[in-house]
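For reference, entry24.pdb (PDB, C-alpha atoms):
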```pdb
ATOM      1  CA  MET A   9      -4.008  23.532 112.980
ATOM      2  CA  PRO A  10      -0.879  23.335 110.804
ATOM      3  CA  ASN A  11      -0.320  20.080 109.025
ATOM      4  CA  GLY A  12       3.014  18.638 110.159
ATOM      5  CA  ASN A  13       3.365  16.703 106.890
ATOM      6  CA  VAL A  14       3.491  19.881 104.716
ATOM      7  CA  ASP A  15       6.998  20.753 103.506
ATOM      8  CA  PRO A  16       7.506  24.450 104.306
ATOM      9  CA  TYR A  17      10.067  24.656 101.494
ATOM     10  CA  ALA A  18       7.881  23.057  98.800
ATOM     11  CA  THR A  19       7.107  26.395  97.118
ATOM     12  CA  LEU A  20      10.769  27.392  97.035
ATOM     13  CA  THR A  21      11.710  23.971  95.698
ATOM     14  CA  LEU A  22       9.124  24.292  92.930
ATOM     15  CA  ILE A  23      10.368  27.769  92.002
ATOM     16  CA  ALA A  24      13.959  26.511  91.918
ATOM     17  CA  ARG A  25      12.941  23.663  89.592
ATOM     18  CA  TYR A  26      11.180  26.087  87.258
ATOM     19  CA  LEU A  27      14.194  28.406  87.194
ATOM     20  CA  SER A  28      16.508  25.468  86.524
ATOM     21  CA  ALA A  29      14.308  24.331  83.641
ATOM     22  CA  ILE A  30      14.213  27.851  82.202
ATOM     23  CA  GLY A  31      17.991  28.085  82.526
ATOM     24  CA  THR A  32      18.453  24.764  80.720
ATOM     25  CA  VAL A  33      16.201  25.916  77.870
ATOM     26  CA  ALA A  34      18.024  29.275  77.700
ATOM     27  CA  VAL A  35      21.410  27.550  77.446
ATOM     28  CA  ALA A  36      20.090  25.332  74.646
ATOM     29  CA  ILE A  37      18.683  28.345  72.783
ATOM     30  CA  LEU A  38      21.976  30.234  73.078
ATOM     31  CA  ALA A  39      23.911  27.186  71.896
ATOM     32  CA  ILE A  40      21.775  26.936  68.767
ATOM     33  CA  TRP A  41      20.868  30.532  67.997
ATOM     34  CA  GLY A  42      23.449  32.433  70.052
ATOM     35  CA  ASP A  43      25.228  34.016  67.104
ATOM     36  CA  CYS A  44      21.920  35.104  65.583
ATOM     37  CA  ILE A  45      20.688  36.633  68.855
ATOM     38  CA  ARG A  46      24.030  38.331  69.472
ATOM     39  CA  SER A  47      24.048  39.798  65.955
ATOM     40  CA  LYS A  48      20.630  41.342  66.617
ATOM     41  CA  VAL A  49      21.380  42.678  70.094
ATOM     42  CA  VAL A  50      25.005  43.779  69.492
ATOM     43  CA  PRO A  51      25.701  43.641  65.724
ATOM     44  CA  PRO A  52      29.173  44.142  64.236
ATOM     45  CA  LYS A  53      30.215  47.730  63.588
ATOM     46  CA  LEU A  54      31.884  47.851  60.170
ATOM     47  CA  ARG A  55      33.525  50.633  58.211
ATOM     48  CA  LEU A  56      35.528  50.926  54.997
ATOM     49  CA  SER A  57      38.709  52.983  54.611
ATOM     50  CA  VAL A  58      41.473  53.479  52.052
ATOM     51  CA  HIS A  59      44.279  50.966  52.652
ATOM     52  CA  ASN A  60      47.690  52.114  51.378
ATOM     53  CA  GLY A  61      46.675  54.757  48.830
ATOM     54  CA  ARG A  62      50.016  54.359  47.026
ATOM     55  CA  GLY A  63      48.981  50.897  45.873
ATOM     56  CA  THR A  64      50.997  47.691  45.568
ATOM     57  CA  VAL A  65      52.972  46.730  42.461
ATOM     58  CA  THR A  66      52.899  43.195  41.105
ATOM     59  CA  ARG A  67      53.686  41.573  37.781
ATOM     60  CA  LEU A  68      51.002  39.534  36.075
ATOM     61  CA  ALA A  69      51.804  36.240  34.371
ATOM     62  CA  SER A  70      51.461  37.973  31.010
ATOM     63  CA  GLY A  71      54.280  40.339  31.886
ATOM     64  CA  PRO A  72      53.076  43.936  32.454
ATOM     65  CA  ARG A  73      53.451  45.609  35.822
ATOM     66  CA  THR A  74      50.170  46.194  37.621
ATOM     67  CA  ILE A  75      49.355  48.373  40.607
ATOM     68  CA  PHE A  76      46.546  47.140  42.856
ATOM     69  CA  TYR A  77      44.673  49.541  45.084
ATOM     70  CA  HIS A  78      42.942  48.340  48.235
ATOM     71  CA  LEU A  79      40.280  49.187  50.768
ATOM     72  CA  LYS A  80      39.990  47.773  54.265
ATOM     73  CA  VAL A  81      36.819  46.891  56.150
ATOM     74  CA  SER A  82      37.281  47.165  59.911
ATOM     75  CA  ASN A  83      35.076  45.861  62.707
ATOM     76  CA  SER A  84      35.277  47.948  65.890
ATOM     77  CA  ARG A  85      33.364  45.209  67.737
ATOM     78  CA  PRO A  86      35.634  42.165  67.359
ATOM     79  CA  TRP A  87      33.492  40.225  69.845
ATOM     80  CA  ALA A  88      30.665  40.432  67.259
ATOM     81  CA  PRO A  89      32.194  39.088  64.014
ATOM     82  CA  ALA A  90      30.458  39.760  60.706
ATOM     83  CA  ARG A  91      29.553  36.444  59.071
ATOM     84  CA  ASN A  92      29.602  35.989  55.287
ATOM     85  CA  CYS A  93      30.597  39.593  54.676
ATOM     86  CA  ARG A  94      30.792  41.051  51.164
ATOM     87  CA  ILE A  95      31.296  44.546  49.743
ATOM     88  CA  MET A  96      28.864  45.542  47.011
ATOM     89  CA  LEU A  97      29.121  48.252  44.363
ATOM     90  CA  LYS A  98      25.707  49.920  44.442
ATOM     91  CA  GLN A  99      26.104  53.142  42.452
ATOM     92  CA  ILE A 100      28.508  54.857  40.056
ATOM     93  CA  HIS A 101      28.757  58.595  39.431
ATOM     94  CA  ARG A 102      31.008  60.129  36.764
ATOM     95  CA  ARG A 103      32.197  63.752  36.635
ATOM     96  CA  GLY A 104      30.907  65.538  33.565
ATOM     97  CA  VAL A 105      32.132  68.581  31.633
ATOM     98  CA  ASP A 106      30.049  70.727  34.004
ATOM     99  CA  GLN A 107      32.205  69.404  36.890
ATOM    100  CA  GLN A 108      29.111  67.829  38.440
ATOM    101  CA  PHE A 109      28.769  64.119  39.138
ATOM    102  CA  HIS A 110      26.097  62.270  37.192
ATOM    103  CA  PRO A 111      24.781  58.726  37.776
ATOM    104  CA  VAL A 112      25.988  55.934  35.509
ATOM    105  CA  PRO A 113      23.646  52.995  34.827
ATOM    106  CA  LEU A 114      24.335  49.914  36.957
ATOM    107  CA  VAL A 115      21.834  47.158  36.259
ATOM    108  CA  VAL A 116      22.663  45.012  39.300
ATOM    109  CA  PRO A 117      24.948  45.432  42.341
ATOM    110  CA  LEU A 118      28.390  43.889  41.828
ATOM    111  CA  GLN A 119      30.722  42.418  44.443
ATOM    112  CA  PHE A 120      34.325  43.479  45.011
ATOM    113  CA  VAL A 121      37.071  40.856  45.300
ATOM    114  CA  TRP A 122      38.676  40.074  48.651
ATOM    115  CA  SER A 123      42.476  40.236  48.767
ATOM    116  CA  PRO A 124      44.532  38.507  47.631
ATOM    117  CA  GLY A 125      42.348  38.224  44.552
ATOM    118  CA  GLY A 126      41.722  34.695  43.339
ATOM    119  CA  PHE A 127      42.700  33.059  46.631
ATOM    120  CA  GLU A 128      40.037  34.235  49.109
ATOM    121  CA  PRO A 129      36.430  32.959  48.956
ATOM    122  CA  PRO A 130      33.788  35.550  48.024
ATOM    123  CA  LEU A 131      32.299  35.529  51.551
ATOM    124  CA  ALA A 132      34.506  36.463  54.499
ATOM    125  CA  ASN A 133      34.113  36.457  58.277
ATOM    126  CA  VAL A 134      35.360  39.783  59.615
ATOM    127  CA  ALA A 135      36.294  39.855  63.293
ATOM    128  CA  SER A 136      38.835  42.691  63.209
ATOM    129  CA  ASP A 137      39.619  43.688  59.616
ATOM    130  CA  GLN A 138      39.854  42.350  56.084
ATOM    131  CA  THR A 139      41.351  43.812  52.891
ATOM    132  CA  LEU A 140      39.691  43.933  49.490
ATOM    133  CA  ASP A 141      40.800  44.989  46.022
ATOM    134  CA  LEU A 142      39.236  48.267  44.933
ATOM    135  CA  GLY A 143      40.795  48.122  41.482
ATOM    136  CA  PHE A 144      43.982  48.009  39.455
ATOM    137  CA  LEU A 145      45.962  49.863  36.804
ATOM    138  CA  THR A 146      48.198  48.036  34.334
ATOM    139  CA  ASP A 147      51.201  49.598  32.613
ATOM    140  CA  GLY A 148      50.215  50.357  29.019
ATOM    141  CA  ASP A 149      46.482  50.138  29.684
ATOM    142  CA  VAL A 150      44.192  53.145  29.363
ATOM    143  CA  HIS A 151      41.773  52.439  32.228
ATOM    144  CA  PHE A 152      41.690  51.977  35.960
ATOM    145  CA  VAL A 153      39.606  48.815  36.349
ATOM    146  CA  PRO A 154      37.430  48.156  39.439
ATOM    147  CA  ARG A 155      38.218  44.698  40.831
ATOM    148  CA  LEU A 156      34.887  42.872  40.723
ATOM    149  CA  TYR A 157      33.988  39.199  40.628
ATOM    150  CA  VAL A 158      31.869  39.894  37.545
ATOM    151  CA  LEU A 159      32.333  42.626  34.914
ATOM    152  CA  LEU A 160      29.224  43.052  32.793
ATOM    153  CA  ASP A 161      29.561  43.729  29.057
ATOM    154  CA  ASP A 162      27.927  47.146  29.459
ATOM    155  CA  PHE A 163      29.903  48.116  32.585
ATOM    156  CA  GLU A 164      30.721  51.847  32.552
ATOM    157  CA  GLY A 165      32.765  52.199  35.717
ATOM    158  CA  PHE A 166      36.260  52.319  34.195
ATOM    159  CA  VAL A 167      38.388  55.410  34.873
ATOM    160  CA  ALA A 168      40.281  56.753  31.849
ATOM    161  CA  GLN A 169      42.694  59.666  31.409
ATOM    162  CA  ASN A 170      41.571  62.860  33.172
ATOM    163  CA  GLU A 171      38.413  61.180  34.420
ATOM    164  CA  CYS A 172      37.004  61.102  37.916
ATOM    165  CA  VAL A 173      34.516  58.465  39.079
ATOM    166  CA  ARG A 174      32.796  57.923  42.415
ATOM    167  CA  PHE A 175      31.884  54.438  43.589
ATOM    168  CA  SER A 176      29.174  53.959  46.242
ATOM    169  CA  LEU A 177      29.814  50.834  48.321
ATOM    170  CA  GLU A 178      27.620  48.899  50.729
ATOM    171  CA  ILE A 179      28.772  46.423  53.395
ATOM    172  CA  VAL A 180      26.521  43.358  53.667
ATOM    173  CA  ALA A 181      26.768  40.383  56.056
ATOM    174  CA  ASP A 182      24.443  37.909  57.747
ATOM    175  CA  GLY A 183      21.869  40.041  59.576
ATOM    176  CA  TYR A 184      23.816  43.207  58.749
ATOM    177  CA  ARG A 185      23.632  45.955  56.153
ATOM    178  CA  SER A 186      25.479  49.277  56.396
ATOM    179  CA  GLN A 187      23.194  52.198  57.216
ATOM    180  CA  ARG A 188      24.537  54.280  54.333
ATOM    181  CA  TYR A 189      26.767  53.860  51.315
ATOM    182  CA  GLN A 190      30.404  54.880  51.592
ATOM    183  CA  VAL A 191      31.644  56.746  48.540
ATOM    184  CA  PHE A 192      35.203  56.471  47.209
ATOM    185  CA  GLU A 193      36.488  58.701  44.423
ATOM    186  CA  VAL A 194      39.109  57.611  41.883
ATOM    187  CA  ALA A 195      40.750  60.310  39.732
ATOM    188  CA  TRP A 196      43.528  59.603  37.227
ATOM    189  CA  ASN A 197      45.536  61.939  34.996
ATOM    190  CA  GLY A 198      46.402  59.124  32.576
ATOM    191  CA  ARG A 199      50.102  58.896  33.472
ATOM    192  CA  TRP A 200      52.000  55.812  34.596
ATOM    193  CA  SER A 201      55.145  55.688  36.706
ATOM    194  CA  ASP A 202      57.132  52.864  38.285
ATOM    195  CA  ASN A 203      57.611  55.158  41.266
ATOM    196  CA  LEU A 204      54.684  54.662  43.631
ATOM    197  CA  ASP A 205      55.199  58.069  45.231
ATOM    198  CA  GLN A 206      54.781  59.624  41.788
ATOM    199  CA  MET A 207      51.821  57.379  41.014
ATOM    200  CA  ALA A 208      50.166  58.602  44.209
ATOM    201  CA  GLN A 209      50.087  62.010  42.503
ATOM    202  CA  ASN A 210      48.860  60.563  39.202
ATOM    203  CA  LEU A 211      46.048  58.409  40.579
ATOM    204  CA  LYS A 212      44.251  59.560  43.693
ATOM    205  CA  ILE A 213      41.761  57.649  45.809
ATOM    206  CA  ARG A 214      39.818  59.315  48.594
ATOM    207  CA  GLU A 215      36.657  58.837  50.570
ATOM    208  CA  ILE A 216      33.932  61.391  49.992
ATOM    209  CA  VAL A 217      32.188  62.529  53.172
ATOM    210  CA  PRO A 218      28.368  62.789  53.029
ATOM    211  CA  ASP A 219      28.391  66.595  52.668
ATOM    212  CA  GLU A 220      30.441  66.259  49.464
ATOM    213  CA  VAL A 221      28.175  63.703  47.822
ATOM    214  CA  GLY A 222      25.966  65.102  45.100
TER     215      GLY A 222
END
```
Output the structure of this file as structure tokens.
Amino acid sequence: MPNGNVDPYATLTLIARYLSAIGTVAVAILAIWGDCIRSKVVPPKLRLSVHNGRGTVTRLASGPRTIFYHLKVSNSRPWAPARNCRIMLKQIHRRGVDQQFHPVPLVVPLQFVWSPGGFEPPLANVASDQTLDLGFLTDGDVHFVPRLYVLLDDFEGFVAQNECVRFSLEIVADGYRSQRYQVFEVAWNGRWSDNLDQMAQNLKIREIVPDEVG
């Protein structure tokens, strides 16, 4: 005979308690490791592009006019911000007399400077987009200089008159690394002009699509 003292809802009550406990633990886990889990499940989607290829003119404290050239890293998933993002120079290729591009020694990867240079910390959180300095050209100088936090004594990535150099860049952030390098080409005819429209003809920056690399 059925026992009248048995609670017919005991099993459901027990299940509800277990589910509540699991939910409490899940909330605690998300509170502590939510960003990490989210970055694994839905990571940021980052891409570099040329930002204002004409450059921006400024005057250094020492006097000469300098044109800075910029790239922009964009995140098409703003709900998944990239934490501690940095842009690394991984490879350099220089055009030779045979019109082919040949690798230039680079002992260690070097980091590009976030804009405005000298004011932004080296690690940035990128929710939508962030600008970085690709390099600069100073009136009276003979080289386009990549804008890096550290320039090694044996660095060979300067761009002189009638030279063309390709820079392979990698985007790195917490739990994120770009699947392939993006390659940007800098070519300069050695001429300077105060007119940025003219300078856009003298110094050209463009992204090289994968089929062109080599």
Next on the checklist: Can you pull out the residues contacting A:His110? Cut-off 9 Å, using only C-alpha atoms, and skip same-chain residues under 3 positions away; I want them as a VMD selection string.
Outcome noted: chain A and resid 100 to 104 222
Taking all atoms of stretch 128-134 of chain A that the file lists and extending 8 Å past them on each side, where is the centre of the axis-aligned box and how long are its edges? Answer in Å to one decimal, as AutoDock Vina command-line options.
```
--center_x 36.2 --center_y 36.4 --center_z 53.8 --size_x 23.7 --size_y 22.8 --size_z 27.6
```
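Taken over the whole file, the PyMOL selection byres ((chain A and resi 180-188) around 10) covers exactly Cys44, Ile45, Ser47, Lys48, Pro51, Pro52, Lys53, Leu54, Arg55, Pro89, Ala90, Arg91, Asn92, Cys93, Arg94, Ile95, Met96, Leu131, Ala132, Asn133, Val134, Ser176, Leu177, Glu178, Ile179, Tyr189, Gln190, Val191 and Pro218 of chain A.
In this structure, atom CA of A:Arg174 sits 14.2 Å away from atom CA of A:Leu79.
Distances to A:Ser84 were evaluated for A:Val217, A:Gly143, A:Gly198, A:Val50 using all atoms listed in the file, and the minimum falls at A:Val50.
Using only C-alpha atoms, the nearest neighbour of A:Gln209 within the list A:Tyr26, A:Pro154, A:Gly61, A:Leu118 is A:Gly61.
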Next on the checklist: Could you check which residues have any atom within 6 Å of (37.3, 59.9, 34.4), counting only C-alpha atoms with coordinates taken straight from the file, and then list them as a ChimeraX atom specification?
Outcome noted: /A:167-168,170-173
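Atom to atom, atom CA of A:His59 and atom CA of A:His78 stand 5.3 Å apart.
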Rebuild stretch 62-95 of chain A so that it carries N, CA and C atoms, then output the result as a short mmCIF file (atom, residue, chain, number, x, y, z; two decimals), keeping the file's coordinate frame.
```
data_model
loop_
_atom_site.label_atom_id
_atom_site.label_comp_id
_atom_site.auth_asym_id
_atom_site.auth_seq_id
_atom_site.Cartn_x
_atom_site.Cartn_y
_atom_site.Cartn_z
N ARG A 62 48.97 54.42 48.05
CA ARG A 62 50.02 54.36 47.03
C ARG A 62 49.86 53.13 46.14
N GLY A 63 49.15 52.12 46.64
CA GLY A 63 48.98 50.90 45.87
C GLY A 63 50.13 49.93 46.08
N THR A 64 49.99 48.75 45.49
CA THR A 64 51.00 47.69 45.57
C THR A 64 51.29 47.19 44.17
N VAL A 65 52.57 47.15 43.81
CA VAL A 65 52.97 46.73 42.46
C VAL A 65 53.17 45.23 42.42
N THR A 66 52.65 44.60 41.36
CA THR A 66 52.90 43.20 41.10
C THR A 66 53.06 43.01 39.61
N ARG A 67 53.52 41.85 39.21
CA ARG A 67 53.69 41.57 37.78
C ARG A 67 52.81 40.38 37.43
N LEU A 68 51.89 40.60 36.50
CA LEU A 68 51.00 39.53 36.08
C LEU A 68 51.76 38.49 35.26
N ALA A 69 51.16 37.33 35.11
CA ALA A 69 51.80 36.24 34.37
C ALA A 69 52.10 36.65 32.94
N SER A 70 51.26 37.53 32.40
CA SER A 70 51.46 37.97 31.01
C SER A 70 52.60 38.97 30.86
N GLY A 71 53.10 39.50 31.97
CA GLY A 71 54.28 40.34 31.89
C GLY A 71 54.16 41.76 32.39
N PRO A 72 53.10 42.51 32.09
CA PRO A 72 53.08 43.94 32.45
C PRO A 72 52.96 44.15 33.96
N ARG A 73 53.55 45.25 34.41
CA ARG A 73 53.45 45.61 35.82
C ARG A 73 52.06 46.16 36.10
N THR A 74 51.52 45.78 37.25
CA THR A 74 50.17 46.19 37.62
C THR A 74 50.18 46.71 39.05
N ILE A 75 49.50 47.81 39.27
CA ILE A 75 49.36 48.37 40.61
C ILE A 75 47.94 48.08 41.10
N PHE A 76 47.85 47.42 42.24
CA PHE A 76 46.55 47.14 42.86
C PHE A 76 46.31 48.14 43.98
N TYR A 77 45.08 48.60 44.05
CA TYR A 77 44.67 49.54 45.08
C TYR A 77 43.63 48.87 45.98
N HIS A 78 43.74 49.11 47.28
CA HIS A 78 42.94 48.34 48.24
C HIS A 78 42.13 49.23 49.17
N LEU A 79 41.04 48.64 49.65
CA LEU A 79 40.28 49.19 50.77
C LEU A 79 40.34 48.18 51.91
N LYS A 80 40.02 48.65 53.10
CA LYS A 80 39.99 47.77 54.26
C LYS A 80 38.66 47.95 54.98
N VAL A 81 38.02 46.83 55.32
CA VAL A 81 36.82 46.89 56.15
C VAL A 81 37.22 46.50 57.57
N SER A 82 36.90 47.37 58.52
CA SER A 82 37.28 47.16 59.91
C SER A 82 36.04 46.99 60.77
N ASN A 83 36.16 46.12 61.76
CA ASN A 83 35.08 45.86 62.71
C ASN A 83 35.52 46.34 64.08
N SER A 84 34.89 47.41 64.58
CA SER A 84 35.28 47.95 65.89
C SER A 84 34.66 47.16 67.05
N ARG A 85 33.90 46.10 66.71
CA ARG A 85 33.36 45.21 67.74
C ARG A 85 33.83 43.78 67.44
N PRO A 86 35.10 43.48 67.71
CA PRO A 86 35.63 42.16 67.36
C PRO A 86 34.93 41.01 68.05
N TRP A 87 34.24 41.29 69.17
CA TRP A 87 33.49 40.22 69.84
C TRP A 87 32.20 39.88 69.11
N ALA A 88 31.86 40.69 68.07
CA ALA A 88 30.66 40.43 67.26
C ALA A 88 31.09 40.33 65.79
N PRO A 89 31.68 39.21 65.39
CA PRO A 89 32.19 39.09 64.01
C PRO A 89 31.07 39.14 62.98
N ALA A 90 31.39 39.71 61.83
CA ALA A 90 30.46 39.76 60.71
C ALA A 90 30.61 38.47 59.91
N ARG A 91 29.53 37.74 59.76
CA ARG A 91 29.55 36.44 59.07
C ARG A 91 29.17 36.64 57.61
N ASN A 92 29.90 35.96 56.73
CA ASN A 92 29.60 35.99 55.29
C ASN A 92 29.52 37.42 54.77
N CYS A 93 30.55 38.18 55.07
CA CYS A 93 30.60 39.59 54.68
C CYS A 93 31.00 39.74 53.21
N ARG A 94 30.41 40.70 52.53
CA ARG A 94 30.79 41.05 51.16
C ARG A 94 30.59 42.54 50.97
N ILE A 95 31.36 43.12 50.04
CA ILE A 95 31.30 44.55 49.74
C ILE A 95 30.71 44.71 48.34
#
```
